[in-house]
Structure formats: structure tokens, C-alpha cells
Amino acid sequence: MATNGENQNQVSRHQEVGHKSLLQSDALYQYILETSVYPGEPECLKELRDLTAKHPWNIMTTSADEGQFLNLLIKLINAKNTMEIGVYTGYSLLATALALPHDGKILAMDINRENYELGLPVIQKAGVAHKIDFREGPALPFLDQMIEDGKYHGSFDFIFVDADKDNYLNYHKRIIELVKVGGVIGYDNTLWNGSVVAPPDAPLRKYVRYYRDFVLELNNALAVDPRIEICQLPVGDGITLCRRIS
Ligand code: SAM
Ligand code: CA
């Protein structure tokens with residue numbers, strides 16, 4: 001069960017990132033966390049969440065309910081070979097690593113190694129670091145290299161995209177080739193703080209306004225892409241699951 005301090009922390013974070021726009025109330029979100037998420041959250045994920053809460057960019061972390069969702073999804077689809085674009089301190093990475101079988105793999109990319117290394121001791125202690133192949137640098141050149149290599153085509157069971165929103169469509173062009181037919185891509189933050197339905201004069205934070213058009217463009221493109229079937233879920237800040245069908 002969460003402590004009071006933790007509740008406070010979650011509540012303020014909740015207001016900060018605007019999940020309220022996706023659920024009827026903060027109380028409802030809190031109910032989900034306390035009833036269905038925190039009681040079963042592995043100790044290592046809680047430790048990483050607490051550690052990340054102290055970091056100045058903690059707004060970027062995956063929420064505990066979304067971590068739980070990713071963990072279950074990976075088990076449901078029996079994913080073994082996965083990729084993550086956008087690691088930060090590794091909450092979604094650890095949620096993924098815990099769900100994979102012992103010989104499962106995650107190719108993880110981020111331009112920032114320092115934040116990954118902040119969470120790494122927790123991942124190591126959890127005994128799942130051997131599943132992770134971390135690459136430091138911008139994801140696009142890595143993906144281009146993999147496409148050029150040829151041997152990665154159709155090889156990933158699951159790909160989680162949670163990095164620079166202005167590149168999501170560029171990522172999509174490439175990872176649609178790398179995910180296997182029947183495999184799943186998850187694009188994160190596709191409801192973008194609820195701003196996808198904000199009126200033009202709404203007072204949005206600068207970064208929310210900047211990325212909003214890219215998110216809208218992505219959502220429109222995914223909805224008509226004949227190579228995938230999709231489902232957009234109001235979990236976290238919105239996650240769009242895409243199953244490759246051709
Ligand atoms: N999934 C992470 C988690 O669970 O905490 C959150 C990821 S955070 C929202 C976005 C991350 O994308 C940042 O760590 C940032 O350094 C990384 N990023 C930004 N641009 C990138 C790029 N071009 N290539 C790879 N990573 C990038
Ligand atoms: Ca995210």
C-alpha cells in the first residue's frame with residue numbers, strides 16, 4: 001500500500017502531466033493506483049519510481065499503471081525480442097525486462113546514458129540487466145543501420161516508442177519493417193496531455209503546444225495505415241497499440 005508521501009507525490013504528478021483530462025477525476029486515477037497497481041508492483045519498480053521521483057525531469061517517467069500494462073501486454077503476446085526507443089531512468093524498460101523470459105532481449109536506445117545509468121543499479125539488482133542492450137545516441141541512425149543490415153527485418157515481437165514526438169512518424173516508417181507480422185508497436189503519449197482536443201487558444205505549455213501537431217499527424221496517419229490494426233488506449237498519457245498485419 002502506498003504511503004501518504006507517495007500519494008502526495010503521485011497526486012501532484014498526476015495534476016502536473018494532466019492525466020485528469022483522460023479520466024473523470026484525480027480520485028479515480030488514485031483509486032486505480034491504490035487498488036490495482038501498487039499492491040502488486042514489484043519492489044524494484046517501486047524503488048526505481050521513488051528514485052526517479054527525485055530527478056528534475058521526473059515528468060518524463062512512465063506511470064506505474066502504464067508500467068503494469070506494458071508488463072502484462074508483453075506476457076500476453078509472449079514477446080521475446082523487443083525494442084524500446086526512449087529509456088530515461090528505465091521504468092518502462094524494467095517493467096518490460098521483468099515480463100520477458102530469461103533469454104528475452106530489449107534493444108534500448110536513448111541519447112542520454114546518464115539517466116539510464118541512474119536507474120541501472122536497480123535493474124541490475126532485479127537480475128534482468130542481461131536482457132538489455134543499451135545504445136546511446138539518436139534512434140533514427142540506429143534504425144537506418146538496422147534496415148540497411150537486412151537481418152533485423154520482421155524480427156521484433158514488441159517495440160515501445162517513447163522518445164521525441166516530432167520523430168514518431170520517422171520511427172514508424174522504419175520500425176514497421178522491423179516488427180514482425182503479428183507483432184505489436186506501442187506509441188506512447190498519443191493523447192498528449194489531452195491537448196489533441198484543445199481549442200486553438202487554449203493556454204498550453206510551450207512544449208505541449210510544440211509537439212501537439214506532430215502527435216495529431218501521427219494519430220491521423222496510424223488510423224489509415226493499411227499495414228496495421230490499431231487501438232488507442234487512455235492509459236498513462238495515451239498509448240496507441242499497432243499490430244502489424246502485412
Ligand atoms: N520510457 C521512459 C520511462 O519509462 O521512463 C521515458 C522516456 S522519456 C519520455 C523520453 C526519452 O527519449 C528521454 O530519455 C530522451 O533522452 C529520449 N530521446 C529524445 N530524443 C531522442 C532520440 N532522438 N533518440 C533516442 N532517444 C531520444
Ligand atoms: Ca511516455
# chains A, B, ... in the order shown; residues from 1 in each chain; ligands from 1
call {"tool": "select_by_dssp", "arguments": {"residues": "range 11-216 of chain A", "states": "helix (DSSP H, G or I)", "output": "JSON, numbers by chain"}}
result
{"A": [11, 12, 13, 14, 15, 16, 17, 19, 20, 21, 26, 27, 28, 29, 30, 31, 32, 33, 34, 35, 36, 37, 38, 39, 40, 43, 44, 45, 46, 47, 48, 49, 50, 51, 52, 53, 58, 59, 60, 64, 65, 66, 67, 68, 69, 70, 71, 72, 73, 74, 75, 76, 91, 92, 93, 94, 95, 96, 97, 98, 99, 113, 114, 115, 116, 117, 118, 119, 120, 121, 122, 123, 124, 125, 129, 130, 131, 139, 140, 141, 142, 143, 144, 145, 146, 147, 148, 149, 165, 166, 167, 168, 169, 170, 171, 172, 173, 174, 175, 176, 177, 178, 192, 193, 194, 195, 196, 197, 206, 207, 208, 209, 210, 211, 212, 213, 214, 215, 216]}
call {"tool": "select_by_dssp", "arguments": {"residues": "range 14-152 of chain A", "states": "strand (DSSP E)", "output": "list in words"}}
result
Asn81, Thr82, Met83, Glu84, Ile85, Lys105, Ile106, Leu107, Ala108, Met109, Asp110, Ile132, Asp133, Phe134, Arg135 and Glu136 of chain A
call {"tool": "residues_near_ligand", "arguments": {"ligand": "ligand 2", "cutoff": "7 Å", "atoms": "only C-alpha atoms and all ligand atoms", "output": "ChimeraX atom specification"}}
result
/A:60-62,162,188-189,237
call {"tool": "closest_atom_pairs", "arguments": {"of": "chain A", "to": "ligand 1", "cutoff": "7 Å", "atoms": "only C-alpha atoms and all ligand atoms", "output": "CSV"}}
result
residue,atom,partner,partner_atom_place_in_ligand_line,distance
A:Met60,CA,ligand 1,9 (C),4.1
A:Thr61,CA,ligand 1,5 (O),3.4
A:Thr62,CA,ligand 1,4 (O),3.9
A:Ile85,CA,ligand 1,25 (C),5.7
A:Gly86,CA,ligand 1,12 (O),3.6
A:Val87,CA,ligand 1,2 (C),4.2
A:Tyr88,CA,ligand 1,14 (O),3.4
A:Thr89,CA,ligand 1,5 (O),5.3
A:Gly90,CA,ligand 1,5 (O),5.0
A:Tyr91,CA,ligand 1,4 (O),4.1
A:Ser92,CA,ligand 1,4 (O),3.8
A:Leu93,CA,ligand 1,4 (O),6.3
A:Met109,CA,ligand 1,25 (C),5.4
A:Asp110,CA,ligand 1,26 (N),3.5
A:Ile111,CA,ligand 1,26 (N),4.6
A:Asn112,CA,ligand 1,16 (O),4.8
A:Gly137,CA,ligand 1,25 (C),6.0
A:Pro138,CA,ligand 1,24 (N),3.5
A:Ala139,CA,ligand 1,24 (N),4.0
A:Leu140,CA,ligand 1,23 (N),6.7
A:Asp162,CA,ligand 1,7 (C),5.1
A:Ala163,CA,ligand 1,12 (O),3.4
A:Asp164,CA,ligand 1,20 (N),4.4
call {"tool": "closest_atom_pairs", "arguments": {"of": "range 120-161 of chain A", "to": "range 97-105 of chain A", "cutoff": "9 Å", "atoms": "only C-alpha atoms", "output": "Markdown table"}}
result
| residue | atom | partner | partner_atom | distance |
| --- | --- | --- | --- | --- |
| A:Ile123 | CA | A:Ala97 | CA | 8.6 |
| A:Ala126 | CA | A:Leu98 | CA | 8.2 |
| A:Gly127 | CA | A:Leu98 | CA | 8.8 |
| A:Val128 | CA | A:Ala97 | CA | 6.0 |
| A:Ala129 | CA | A:Ala97 | CA | 7.9 |
| A:His130 | CA | A:Lys105 | CA | 8.2 |
| A:Lys131 | CA | A:Lys105 | CA | 4.6 |
| A:Ile132 | CA | A:Lys105 | CA | 6.0 |
| A:Asp133 | CA | A:Lys105 | CA | 7.5 |
call {"tool": "write_last_selection", "arguments": {"atoms": "C-alpha atoms", "output": "PDB file, in the first residue's frame"}}
result
ATOM      1  CA  ILE A 123      17.783  -3.044 -12.859  1.00  0.00           C
ATOM      2  CA  ALA A 126      16.495  -7.098 -10.069  1.00  0.00           C
ATOM      3  CA  GLY A 127      18.601  -9.586 -12.064  1.00  0.00           C
ATOM      4  CA  VAL A 128      17.383  -8.556 -15.522  1.00  0.00           C
ATOM      5  CA  ALA A 129      20.222  -6.348 -16.821  1.00  0.00           C
ATOM      6  CA  HIS A 130      21.488  -9.197 -19.036  1.00  0.00           C
ATOM      7  CA  LYS A 131      18.363  -8.810 -21.199  1.00  0.00           C
ATOM      8  CA  ILE A 132      19.184  -5.190 -22.055  1.00  0.00           C
ATOM      9  CA  ASP A 133      21.365  -3.984 -24.900  1.00  0.00           C
TER      10      ASP A 133
END
call {"tool": "atom_distance", "arguments": {"atom1": "CA of Arg212 in chain A", "atom2": "CA of Val196 in chain A"}}
result
6.5 Å
call {"tool": "atom_distance", "arguments": {"atom1": "CA of Tyr168 in chain A", "atom2": "CA of Phe214 in chain A"}}
result
7.9 Å
call {"tool": "residues_around", "arguments": {"residues": "range 30-45 of chain A", "least_positions_apart": "2", "cutoff": "7 Å", "atoms": "only C-alpha atoms", "output": "list in words"}}
result
Met1, Ala2, Asp26, Ala27, Leu28, Glu47, Leu48, Arg49, Ala64, Asp65, Gln68, Tyr91, Val122 and Ala126 of chain A
call {"tool": "write_last_selection", "arguments": {"atoms": "C-alpha atoms", "output": "PDB file, in the first residue's frame"}}
result
ATOM      1  CA  MET A   1       0.000   0.000   0.000  1.00  0.00           C
ATOM      2  CA  ALA A   2       1.279   3.484  -0.823  1.00  0.00           C
ATOM      3  CA  ASP A  26      -7.783  12.537  -9.965  1.00  0.00           C
ATOM      4  CA  ALA A  27      -9.599  10.474  -7.332  1.00  0.00           C
ATOM      5  CA  LEU A  28     -10.464   7.860  -9.936  1.00  0.00           C
ATOM      6  CA  GLU A  47      12.396   1.573  -5.873  1.00  0.00           C
ATOM      7  CA  LEU A  48      13.011   2.913  -9.383  1.00  0.00           C
ATOM      8  CA  ARG A  49       9.859   5.012  -9.229  1.00  0.00           C
ATOM      9  CA  ALA A  64       3.023   2.875 -12.536  1.00  0.00           C
ATOM     10  CA  ASP A  65      -0.302   1.931 -14.162  1.00  0.00           C
ATOM     11  CA  GLN A  68       1.813  -2.579 -15.199  1.00  0.00           C
ATOM     12  CA  TYR A  91      10.834   2.449 -15.604  1.00  0.00           C
ATOM     13  CA  VAL A 122      18.062  -1.115  -9.580  1.00  0.00           C
ATOM     14  CA  ALA A 126      16.495  -7.098 -10.069  1.00  0.00           C
TER      15      ALA A 126
END
call {"tool": "residues_around", "arguments": {"residues": "range 174-176 of chain A", "least_positions_apart": "2", "cutoff": "8 Å", "atoms": "only C-alpha atoms", "output": "list in words"}}
result
Leu143, Asp144, Ile147, Ile159, Asn170, Tyr171, His172, Leu178, Val179 and Arg244 of chain A
call {"tool": "write_last_selection", "arguments": {"atoms": "C-alpha atoms", "output": "CSV table (one decimal), in the first residue's frame"}}
result
chain,number,residue,atom,x,y,z
A,143,LEU,CA,17.2,2.2,-37.1
A,144,ASP,CA,18.5,3.1,-40.5
A,147,ILE,CA,17.2,-1.6,-42.0
A,159,ILE,CA,8.5,-2.2,-29.9
A,170,ASN,CA,10.0,8.8,-39.0
A,171,TYR,CA,10.3,5.9,-36.5
A,172,HIS,CA,7.1,4.4,-37.8
A,178,LEU,CA,11.5,-4.3,-38.1
A,179,VAL,CA,8.4,-5.5,-36.2
A,244,ARG,CA,1.3,-5.3,-37.9
call {"tool": "closest_residue", "arguments": {"among": "A:Gly182, A:Pro121, A:Gly238, A:Pro141", "to": "Ser195 in chain A", "atoms": "only C-alpha atoms"}}
result
A:Gly238
